[in-house]
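These notes concern the structure reproduced below.
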2 protein chains.
Amino acid sequence: MSKPEPVVDDLYKLRHSMAHVLAQAVLKLWPDTQITIGPPIDYGCYYDFKFTTPISDENFKDIEKEMRKIINQGQTFEVDTLSIADAIAYWKEKNQKFKVELIEDLAKTGTTEVTHYRNVDAKGETTFTDLCRGGHVENLKDLPADGFKIMSLAGAYWRGDEKKDQLTRLYVAVFPSKEELKDYLTMLEEAKRRDHRKIGKEMDLFTFSDLVGPGLPLWTPRGTLLRNLLDGFVWELRSAKGYEKVSIPHITKKELYETSGHWAKFSDELFRITTREGHEFAMKPMNCPHHTQIFACQSRSYRSMPQRYAETTTCYRDEQTGELHGLSRVRAFAQDDAHVFCRQNQVKDEILKIWEIIDTFYATVGFKNLKVRLSLHDPDAFDKYLGTPEMWKQAEQNLRDLATDRKADFYEAPGEAAFYGPKVDFITRDSIGREWQVATVQLDINMPERFDLFCINEAGEKERIVMIHAAIMGSLERFLSIYIEHCAGLFPLWLAPTQVAVVPVAEPHEDYAKKIESELKEKGIRTLYLDPSDSLGKRVREGEKQKIPYILVIGDKEVTDSSLAVRNVHSKNQVTVSASEFMHAVETDVRNRALMESIG
Amino acid sequence: MSKPEPVVDDLYKLRHSMAHVLAQAVLKLWPDTQITIGPPIDYGCYYDFKFTTPISDENFKDIEKEMRKIINQGQTFEVDTLSIADAIAYWKEKNQKFKVELIEDLAKTGTTEVTHYRNVDAKGETTFTDLCRGGHVENLKDLPADGFKIMSLAGAYWRGDEKKDQLTRLYVAVFPSKEELKDYLTMLEEAKRRDHRKIGKEMDLFTFSDLVGPGLPLWTPRGTLLRNLLDGFVWELRSAKGYEKVSIPHITKKELYETSGHWAKFSDELFRITTREGHEFAMKPMNCPHHTQIFACQSRSYRSMPQRYAETTTCYRDEQTGELHGLSRVRAFAQDDAHVFCRQNQVKDEILKIWEIIDTFYATVGFKNLKVRLSLHDPDAFDKYLGTPEMWKQAEQNLRDLATDRKADFYEAPGEAAFYGPKVDFITRDSIGREWQVATVQLDINMPERFDLFCINEAGEKERIVMIHAAIMGSLERFLSIYIEHCAGLFPLWLAPTQVAVVPVAEPHEDYAKKIESELKEKGIRTLYLDPSDSLGKRVREGEKQKIPYILVIGDKEVTDSSLAVRNVHSKNQVTVSASEFMHAVETDVRNRALMESIG
């Protein structure tokens, strides 16, 4: 799959140049190392090496020292253009077989010349040469000697192929300044503290079982509650826009995906089943083909259009074990999926309705100012897509017009479309600055063709319809991995699995505390009563560990005044309010899905 | 699996004798027919034949005539005991190879003698002989000449093996009297009229797709609503008893089922998956092993017991295509499943809670007076079960005590237990007299052993716990197949996918009709507006076809009086009431989940 060219901006040049510095330093320290490739990445760069003796993170300091030395020497970049034969000869002489292989492969695609970038020191001597297409700083002095850090070391295969040479990848964080590097490292520390796998365990939200297998989360009562509250909110928003729930099985005969095109486009990640009668089945990796069959089960008059089907249902993908990560990358994930089957002239209204749902949902849970990306087809690789260029042009223009009409702040991303149509993707930034793609709306002109979906129009004729795919949270697992880390587990009151902890200081306070507990429970507030069999400090810490938004400590004063000492775990404030004021505030905040608690 | 012996009562004798009459008649009409076996069944009997020329249902009349002739001749039954050799010689001489094979097989199991039952006519002549263990009427005159009817003809394989001879099976309904036969035939007609596959299509509740495959229902918006209303009611009842929802994936590694014992006990019906990395996975045919993994994810104090997990989730079984039938037998079915993990001394309370839920649920949906069956192990085939005889004895006694304490009208059924424990099964009778097993509560002493499930008791020691499996509807698909036929699609108001149809007679009545429509919708009543573009008759018929409980016809009189002409589709009555009276009645009935509508 060809990817669009990267944008060669200043940061790209910085990071790309740093990869050359890294390779130069490694060769200086271990001259018989084989070098391969070293691209920039979103926080710096990496380089893959084949060392003759293994290195470890204990070598990082030495490599960094060497890199700093190189930067301070003020080397420049010089470019040479070589014929394929000359370039191969050069690398053969240097005994660098990976470079030779790269050039031979370039030759096979018709390339006749390649470029080498040489670093040259003040004396005019070449210190390092790499096969490279360019995009560097002028002088290595332009690199920040205190703005980089070797982050980690990992195993990698040459060309990602486990049958080929095993390499060592060095990751380097590269930022324009010391301060920016520091911010990045702080963010990483914070991300570690917020790791959803750690918080998920502490808060008892989900678990994995060795017997069930990796990538297959099991949701505990508390986690299921959280999922259902979020999903219920999405449904409330959809229901108001005329959506209806449907329900499909998680498997299908092969024929459904042959018709949809997924069998060919998706085949590696499909969990396949051969039935005892020898039929080929698959577990669904998405829901659209099944939903078409509900639409197609009867003739649809234009008067019954649009049909809007919503369903939160689990999809399955055969991900490789090494790729799995917490809830972010799993084999089983529930999508809050919806498909609108509508006429061409209803597309705009329907997408705007979805856009409103997305805006409301994300603002409510605390992600404001979503970025909007129009994900378009890659014009250089049209064979990846279904349909004709004309269909795509029209559909993409529709989305562009719509985003413009809505005065959205959007950008276009060729190559990011689904294989059946262009998308509007929504991107959020979490509380520690990381960007995540969340909701998506996809305009599909292909499935309706392939499944021959139509309605009977005013003239009594068959009219081809259009499908819109729309997930709000997308995968609930992935959304929750982001959201747990965004909140660091401190969910808004309406989402907290336990909303209030009642903590009587000692036995004499239990009567009043139990009265408060039952009053809260009657109002449907999820309340945990922590009796005085443990110390006060231990119980308060337990409430904090569970990230219960309100901890009510009840002692003599509270009993006498019919008041409550309220610890707000979010703000860390403690205030004393009357019991009735507290009850009222809690009920109001939950009803309004307030982002912040009113008390404290 | 060995089955308990049938009860040889009068009806058994009638039906068994009739099978001899059928075979005698067939041999009279087609003397070169090969006969095989002919057992009684729950409405009569069948007999499998190998005809030399095919017969069809056009021959039924002639066969029945011949049977009647035989009955009226007053033949008796005589029994002969033969050695194996003599019996084989007898049937070889008659050229009846299937009987020869049957006797040879009996000989292999150590049998040395067999019995032949001969029919003998008034002249003392033998008219028909069959290999048989007995259980007949004295004289064929005791058979009801007008109480039987040949129902159908079907293909069958000798010994159910598709590699063996193809046979023709004739089914005969046999009842003690003409009236009872008539009642049975009327019930069948009624069952046909109520066929859930037909009503499901007419009411647009579910569909099947050739591309998705047989046995995999897709639920439309209306069907999904019905499912969710029923499931929501079960959840409401469970929630009040302290249950919590959990959520599990639909697949697992093989290891989970090896530990639970399902891999060995269930293997034929498992949908198996081999992942791209070569691991063996299976789709879950039930939920208990997964739920154990949620219980086991942390240490449980006795103070947190019982843990009650509920989940409505789809299970998968690789049923053979020929066995599939509408929603009654499917490959994908949602279970409203729950598992209680509790201490031995909590079992009684927990089962009583479930029993209450079952009673409330079934009474509310209109199935009163459930029969209770204690399903126990088969003492002659203990190898089918997990655990020790002592464990079983104790668990079965627990259930027996509990049913006795509850003063339930129960009976015991050895051989009907699950392989991991005894059950309390609930059996209902539908509106046309058919019995169905519905809810089930299972006491499981084996899974906790196999998964090493325990809690920490008051003494700080590990204490083995017990599991209770409890489904209320069981499979939603199967429950709905029964319930749709029980109601003939005329669901109680709270469950009707569309509750009210608003039908203005003509254009001048539309304003008022629309006002009524929006008032109903505001109250959350599912309302269908049928505008006057079609004739009044057609619209009313449409409402009736969709089985909408109330059809409101709005004409001059209604507009003038602010009243409504209400057709109750259930009672077929039409009454006129004030709009406000109607609104109030509808709201109240829905809130109370009333079985019958209050108006009309």
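Letters A, B, ... go to the chains of the structure tokens in the order shown; residues in each chain start at 1; ligands are counted from 1 in the same order.
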>> Excluding segment 235-252 of chain B and its own-chain neighbours fewer than 2 positions away, which residues fall within 8 Å of it when counting only C-alpha atoms? Please give them as a PyMOL selection string.
In response: (chain A and resi 211-213+216-221+223-225+314+332) or (chain B and resi 231-233+254-256+281-284+290-291+307-311+314-315+353+357)
Would you mind exporting N, CA and C atoms of the selected residues as a JSON list (two decimals), in the first residue's frame?
```json
[["chain", "number", "residue", "atom", "x", "y", "z"],
["A", 211, "LEU", "N", -6.84, -18.21, 30.25],
["A", 211, "LEU", "CA", -7.60, -19.30, 29.64],
["A", 211, "LEU", "C", -8.43, -18.83, 28.45],
["A", 212, "VAL", "N", -8.94, -17.60, 28.54],
["A", 212, "VAL", "CA", -9.76, -17.06, 27.44],
["A", 212, "VAL", "C", -8.84, -16.57, 26.31],
["A", 213, "GLY", "N", -7.73, -15.95, 26.70],
["A", 213, "GLY", "CA", -6.75, -15.58, 25.69],
["A", 213, "GLY", "C", -6.50, -14.09, 25.59],
["A", 216, "LEU", "N", -8.74, -10.40, 24.41],
["A", 216, "LEU", "CA", -10.17, -10.67, 24.59],
["A", 216, "LEU", "C", -10.60, -10.21, 25.99],
["A", 217, "PRO", "N", -10.85, -8.90, 26.16],
["A", 217, "PRO", "CA", -11.18, -8.40, 27.50],
["A", 217, "PRO", "C", -12.50, -8.94, 28.03],
["A", 218, "LEU", "N", -12.53, -9.16, 29.33],
["A", 218, "LEU", "CA", -13.76, -9.53, 30.04],
["A", 218, "LEU", "C", -14.11, -8.32, 30.90],
["A", 219, "TRP", "N", -15.34, -7.84, 30.79],
["A", 219, "TRP", "CA", -15.75, -6.63, 31.50],
["A", 219, "TRP", "C", -16.44, -6.99, 32.80],
["A", 220, "THR", "N", -15.90, -6.49, 33.89],
["A", 220, "THR", "CA", -16.47, -6.72, 35.21],
["A", 220, "THR", "C", -17.76, -5.91, 35.37],
["A", 221, "PRO", "N", -18.48, -6.09, 36.47],
["A", 221, "PRO", "CA", -19.70, -5.29, 36.68],
["A", 221, "PRO", "C", -19.43, -3.78, 36.58],
["A", 223, "GLY", "N", -16.94, -2.12, 35.04],
["A", 223, "GLY", "CA", -16.60, -1.73, 33.67],
["A", 223, "GLY", "C", -17.81, -1.80, 32.74],
["A", 224, "THR", "N", -18.63, -2.82, 32.94],
["A", 224, "THR", "CA", -19.83, -2.98, 32.11],
["A", 224, "THR", "C", -20.78, -1.81, 32.33],
["A", 225, "LEU", "N", -20.90, -1.40, 33.57],
["A", 225, "LEU", "CA", -21.74, -0.25, 33.90],
["A", 225, "LEU", "C", -21.24, 0.99, 33.15],
["A", 314, "THR", "N", -20.27, -6.65, 19.02],
["A", 314, "THR", "CA", -18.85, -6.97, 19.04],
["A", 314, "THR", "C", -18.37, -7.43, 17.66],
["A", 332, "ALA", "N", -11.38, -8.54, 20.11],
["A", 332, "ALA", "CA", -12.83, -8.41, 20.22],
["A", 332, "ALA", "C", -13.14, -6.99, 20.66],
["B", 231, "ASP", "N", -36.17, -8.39, 27.45],
["B", 231, "ASP", "CA", -34.90, -8.52, 28.16],
["B", 231, "ASP", "C", -34.77, -7.44, 29.23],
["B", 232, "GLY", "N", -35.29, -6.24, 28.93],
["B", 232, "GLY", "CA", -35.26, -5.15, 29.89],
["B", 232, "GLY", "C", -36.09, -5.49, 31.13],
["B", 233, "PHE", "N", -37.19, -6.18, 30.91],
["B", 233, "PHE", "CA", -38.04, -6.59, 32.03],
["B", 233, "PHE", "C", -37.30, -7.60, 32.91],
["B", 254, "LYS", "N", -9.08, -22.58, 23.32],
["B", 254, "LYS", "CA", -9.48, -23.96, 23.64],
["B", 254, "LYS", "C", -9.30, -24.28, 25.13],
["B", 255, "GLU", "N", -8.26, -23.69, 25.75],
["B", 255, "GLU", "CA", -7.89, -24.03, 27.13],
["B", 255, "GLU", "C", -9.05, -23.81, 28.11],
["B", 256, "LEU", "N", -9.86, -22.78, 27.88],
["B", 256, "LEU", "CA", -10.98, -22.52, 28.80],
["B", 256, "LEU", "C", -11.92, -23.73, 28.84],
["B", 281, "PHE", "N", -9.16, -21.75, 18.77],
["B", 281, "PHE", "CA", -10.18, -20.99, 19.47],
["B", 281, "PHE", "C", -11.53, -21.65, 19.22],
["B", 282, "ALA", "N", -12.52, -21.27, 20.02],
["B", 282, "ALA", "CA", -13.89, -21.74, 19.73],
["B", 282, "ALA", "C", -14.85, -20.61, 20.02],
["B", 283, "MET", "N", -16.01, -20.63, 19.33],
["B", 283, "MET", "CA", -17.08, -19.70, 19.69],
["B", 283, "MET", "C", -17.80, -20.30, 20.88],
["B", 284, "LYS", "N", -18.26, -19.44, 21.78],
["B", 284, "LYS", "CA", -18.85, -19.97, 23.01],
["B", 284, "LYS", "C", -20.24, -20.56, 22.74],
["B", 290, "HIS", "N", -16.67, -18.51, 30.77],
["B", 290, "HIS", "CA", -16.19, -17.12, 30.71],
["B", 290, "HIS", "C", -16.49, -16.38, 32.03],
["B", 291, "HIS", "N", -17.71, -16.54, 32.53],
["B", 291, "HIS", "CA", -18.08, -15.81, 33.75],
["B", 291, "HIS", "C", -17.21, -16.22, 34.94],
["B", 307, "GLN", "N", -21.65, -13.11, 44.39],
["B", 307, "GLN", "CA", -21.47, -12.29, 43.20],
["B", 307, "GLN", "C", -22.51, -12.79, 42.19],
["B", 308, "ARG", "N", -23.31, -11.83, 41.66],
["B", 308, "ARG", "CA", -24.39, -12.23, 40.74],
["B", 308, "ARG", "C", -24.19, -11.54, 39.40],
["B", 309, "TYR", "N", -23.79, -12.31, 38.40],
["B", 309, "TYR", "CA", -23.48, -11.75, 37.08],
["B", 309, "TYR", "C", -24.59, -12.07, 36.10],
["B", 310, "ALA", "N", -25.09, -11.07, 35.41],
["B", 310, "ALA", "CA", -26.13, -11.27, 34.40],
["B", 310, "ALA", "C", -25.63, -10.76, 33.06],
["B", 311, "GLU", "N", -25.99, -11.43, 32.01],
["B", 311, "GLU", "CA", -25.59, -10.97, 30.68],
["B", 311, "GLU", "C", -26.47, -11.62, 29.63],
["B", 314, "THR", "N", -25.00, -13.59, 22.88],
["B", 314, "THR", "CA", -25.27, -14.61, 21.86],
["B", 314, "THR", "C", -24.33, -15.80, 22.00],
["B", 315, "CYS", "N", -24.89, -16.98, 21.93],
["B", 315, "CYS", "CA", -24.11, -18.22, 21.93],
["B", 315, "CYS", "C", -24.24, -18.86, 20.55],
["B", 353, "LYS", "N", -34.77, -16.64, 45.10],
["B", 353, "LYS", "CA", -34.85, -15.34, 44.41],
["B", 353, "LYS", "C", -35.09, -15.53, 42.92],
["B", 357, "ILE", "N", -38.28, -14.51, 40.40],
["B", 357, "ILE", "CA", -38.15, -13.80, 39.12],
["B", 357, "ILE", "C", -38.88, -14.56, 38.03]]
```
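The neighbours of Tyr184 of chain A here are the residues that come within 10 Å of it, using only C-alpha atoms and leaving out any residue fewer than 2 positions away in the same chain; they are A:Tyr43, A:Ala173, A:Val174, A:Phe175, A:Lys178, A:Glu179, A:Glu180, A:Leu181, A:Lys182, A:Thr186, A:Met187, A:Leu188, A:Glu189, A:Glu190, A:Ile432, A:Gly433.
Each of B:Asn369, B:Thr364, B:Gln34, B:Gln499 was checked against Thr52 of chain B using only C-alpha atoms; the smallest atom-to-atom distance is that of B:Gln34.
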> Closest to Gly489 of chain B among B:Glu64, B:Glu416, B:Asp444, B:Asp204, using only C-alpha atoms?
Replying inline: B:Asp204
Show which residues sit within 9 Å of Phe426 of chain B, as a JSON list (two decimals) with N, CA, C and O atoms, in the first residue's frame. Count only C-alpha atoms, and ignore same-chain residues fewer than 3 positions away.
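Okay, result.json is ready:
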```json
[["chain", "number", "residue", "atom", "x", "y", "z"],
["B", 358, "ILE", "N", -38.68, -15.87, 37.99],
["B", 358, "ILE", "CA", -39.32, -16.71, 36.97],
["B", 358, "ILE", "C", -40.83, -16.62, 37.09],
["B", 358, "ILE", "O", -41.54, -16.41, 36.11],
["B", 370, "LEU", "N", -46.72, -22.65, 35.94],
["B", 370, "LEU", "CA", -45.61, -23.40, 35.37],
["B", 370, "LEU", "C", -45.51, -24.76, 36.06],
["B", 370, "LEU", "O", -45.69, -24.86, 37.27],
["B", 371, "LYS", "N", -45.21, -25.79, 35.27],
["B", 371, "LYS", "CA", -44.89, -27.09, 35.87],
["B", 371, "LYS", "C", -43.42, -27.09, 36.22],
["B", 371, "LYS", "O", -42.61, -26.46, 35.52],
["B", 372, "VAL", "N", -43.05, -27.78, 37.27],
["B", 372, "VAL", "CA", -41.66, -27.80, 37.71],
["B", 372, "VAL", "C", -41.11, -29.22, 37.61],
["B", 372, "VAL", "O", -41.73, -30.17, 38.09],
["B", 373, "ARG", "N", -39.98, -29.35, 36.95],
["B", 373, "ARG", "CA", -39.35, -30.66, 36.81],
["B", 373, "ARG", "C", -37.97, -30.63, 37.46],
["B", 373, "ARG", "O", -37.18, -29.74, 37.18],
["B", 374, "LEU", "N", -37.71, -31.55, 38.37],
["B", 374, "LEU", "CA", -36.36, -31.70, 38.90],
["B", 374, "LEU", "C", -35.61, -32.63, 37.95],
["B", 374, "LEU", "O", -35.94, -33.81, 37.86],
["B", 436, "TRP", "N", -43.89, -26.66, 26.71],
["B", 436, "TRP", "CA", -42.54, -26.24, 26.35],
["B", 436, "TRP", "C", -41.71, -26.06, 27.62],
["B", 436, "TRP", "O", -42.19, -25.48, 28.59],
["B", 437, "GLN", "N", -40.48, -26.53, 27.58],
["B", 437, "GLN", "CA", -39.59, -26.20, 28.68],
["B", 437, "GLN", "C", -39.07, -24.79, 28.47],
["B", 437, "GLN", "O", -38.64, -24.44, 27.37],
["B", 438, "VAL", "N", -39.14, -23.94, 29.49],
["B", 438, "VAL", "CA", -38.70, -22.56, 29.33],
["B", 438, "VAL", "C", -37.53, -22.25, 30.27],
["B", 438, "VAL", "O", -36.39, -22.57, 29.93],
["B", 439, "ALA", "N", -37.80, -21.68, 31.42],
["B", 439, "ALA", "CA", -36.69, -21.28, 32.30],
["B", 439, "ALA", "C", -35.98, -22.49, 32.92],
["B", 439, "ALA", "O", -36.52, -23.60, 32.95],
["B", 440, "THR", "N", -34.78, -22.25, 33.39],
["B", 440, "THR", "CA", -34.03, -23.31, 34.05],
["B", 440, "THR", "C", -33.09, -22.74, 35.11],
["B", 440, "THR", "O", -32.53, -21.66, 34.93],
["B", 441, "VAL", "N", -32.99, -23.44, 36.22],
["B", 441, "VAL", "CA", -32.05, -23.08, 37.28],
["B", 441, "VAL", "C", -31.17, -24.30, 37.51],
["B", 441, "VAL", "O", -31.69, -25.40, 37.70]]
```
>> Could you list, as number ranges by chain, every residue within 10 Å of segment 69-79 of chain A, counting only C-alpha atoms and ignoring same-chain residues fewer than 6 positions away?
In response: A: 17-18, 21-22, 24-25, 63, 115-134, 136-145
>> Could you pull out the helix (DSSP H, G or I) residues of segment 139-243 of chain B, going by DSSP on the backbone, and write them as a VMD selection string?
In response: chain B and resid 140 to 142 158 to 160 178 to 193 196 to 202 221 to 239
Residue selection dump (C-alpha atoms) as a PDB file, in the first residue's frame:
```pdb
ATOM      1  CA  LEU B 140     -57.340 -54.790  17.062  1.00  0.00           C
ATOM      2  CA  LYS B 141     -61.051 -54.054  17.535  1.00  0.00           C
ATOM      3  CA  ASP B 142     -59.957 -52.007  20.554  1.00  0.00           C
ATOM      4  CA  TRP B 158     -32.092 -46.801   7.677  1.00  0.00           C
ATOM      5  CA  ARG B 159     -30.733 -46.246  11.189  1.00  0.00           C
ATOM      6  CA  GLY B 160     -30.522 -42.502  10.475  1.00  0.00           C
ATOM      7  CA  LYS B 178     -62.702 -39.365  16.876  1.00  0.00           C
ATOM      8  CA  GLU B 179     -63.158 -36.239  19.043  1.00  0.00           C
ATOM      9  CA  GLU B 180     -59.641 -36.333  20.375  1.00  0.00           C
ATOM     10  CA  LEU B 181     -58.273 -36.754  16.853  1.00  0.00           C
ATOM     11  CA  LYS B 182     -60.365 -33.811  15.734  1.00  0.00           C
ATOM     12  CA  ASP B 183     -59.068 -31.655  18.598  1.00  0.00           C
ATOM     13  CA  TYR B 184     -55.538 -32.578  17.663  1.00  0.00           C
ATOM     14  CA  LEU B 185     -56.091 -31.697  13.995  1.00  0.00           C
ATOM     15  CA  THR B 186     -57.689 -28.386  14.999  1.00  0.00           C
ATOM     16  CA  MET B 187     -54.702 -27.642  17.224  1.00  0.00           C
ATOM     17  CA  LEU B 188     -52.408 -28.349  14.275  1.00  0.00           C
ATOM     18  CA  GLU B 189     -54.390 -26.018  12.032  1.00  0.00           C
ATOM     19  CA  GLU B 190     -54.197 -23.382  14.738  1.00  0.00           C
ATOM     20  CA  ALA B 191     -50.452 -23.963  15.158  1.00  0.00           C
ATOM     21  CA  LYS B 192     -50.022 -23.514  11.404  1.00  0.00           C
ATOM     22  CA  ARG B 193     -51.983 -20.274  11.531  1.00  0.00           C
ATOM     23  CA  HIS B 196     -43.906 -17.836  14.181  1.00  0.00           C
ATOM     24  CA  ARG B 197     -42.059 -17.878  10.853  1.00  0.00           C
ATOM     25  CA  LYS B 198     -45.169 -16.633   9.069  1.00  0.00           C
ATOM     26  CA  ILE B 199     -46.133 -14.089  11.760  1.00  0.00           C
ATOM     27  CA  GLY B 200     -42.519 -12.938  12.084  1.00  0.00           C
ATOM     28  CA  LYS B 201     -42.522 -12.060   8.416  1.00  0.00           C
ATOM     29  CA  GLU B 202     -45.973 -10.426   8.418  1.00  0.00           C
ATOM     30  CA  PRO B 221     -36.073  -2.742  14.339  1.00  0.00           C
ATOM     31  CA  ARG B 222     -39.483  -4.078  15.403  1.00  0.00           C
ATOM     32  CA  GLY B 223     -38.150  -7.457  16.457  1.00  0.00           C
ATOM     33  CA  THR B 224     -35.196  -5.916  18.255  1.00  0.00           C
ATOM     34  CA  LEU B 225     -37.576  -3.664  20.181  1.00  0.00           C
ATOM     35  CA  LEU B 226     -39.614  -6.697  21.259  1.00  0.00           C
ATOM     36  CA  ARG B 227     -36.470  -8.555  22.365  1.00  0.00           C
ATOM     37  CA  ASN B 228     -35.160  -5.557  24.252  1.00  0.00           C
ATOM     38  CA  LEU B 229     -38.470  -4.933  26.035  1.00  0.00           C
ATOM     39  CA  LEU B 230     -38.566  -8.517  27.252  1.00  0.00           C
ATOM     40  CA  ASP B 231     -34.901  -8.518  28.155  1.00  0.00           C
ATOM     41  CA  GLY B 232     -35.257  -5.146  29.894  1.00  0.00           C
ATOM     42  CA  PHE B 233     -38.044  -6.590  32.027  1.00  0.00           C
ATOM     43  CA  VAL B 234     -35.886  -9.554  33.042  1.00  0.00           C
ATOM     44  CA  TRP B 235     -33.103  -7.123  33.911  1.00  0.00           C
ATOM     45  CA  GLU B 236     -35.463  -5.002  36.022  1.00  0.00           C
ATOM     46  CA  LEU B 237     -36.403  -8.081  38.034  1.00  0.00           C
ATOM     47  CA  ARG B 238     -32.791  -9.164  38.384  1.00  0.00           C
ATOM     48  CA  SER B 239     -31.508  -5.737  39.247  1.00  0.00           C
TER      49      SER B 239
END
```
>> For segment 335-346 of chain A, find every residue with an atom within 6 Å (counting only C-alpha atoms), except residues of its own chain fewer than 5 positions away, and show them as an MDAnalysis selection string.
In response: chainID A and resid 305:313 465:471 474:475
>> Just want the 6 Å neighbourhood of Pro414 of chain A, counted on only C-alpha atoms, with same-chain residues fewer than 6 positions away dropped. Output as a count of residues only.
In response: 4
> Near Gln96 of chain A, counting only C-alpha atoms, which residues have an atom at most 12 Å away, once you skip same-chain residues fewer than 3 positions from it, shown as a ChimeraX atom specification?
Replying inline: /A:27,31-37,49-50,87-93,99-103,129-131
> In segment 112-162 of chain B, what's strand (DSSP E or B) per DSSP? Answer as a ChimeraX atom specification?
Replying inline: /B:113-120,126-131,139,148-157
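Comparing the minimum interatomic distances between Gln574 of chain B and each of B:Ala403, B:Thr81, B:Glu463, B:Ile599, counting only C-alpha atoms, we find that B:Ile599 sits nearest.
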> Hey, which of B:Met203, B:Ala19, B:Ala381, B:Ile150 ends up closest to chain A? Count only C-alpha atoms.
Replying inline: B:Met203
> Which residue out of A:Ile294, A:Leu327, A:Ile482, A:Ile525 has the minimum interatomic distance to chain B when only C-alpha atoms are used?
Replying inline: A:Ile294
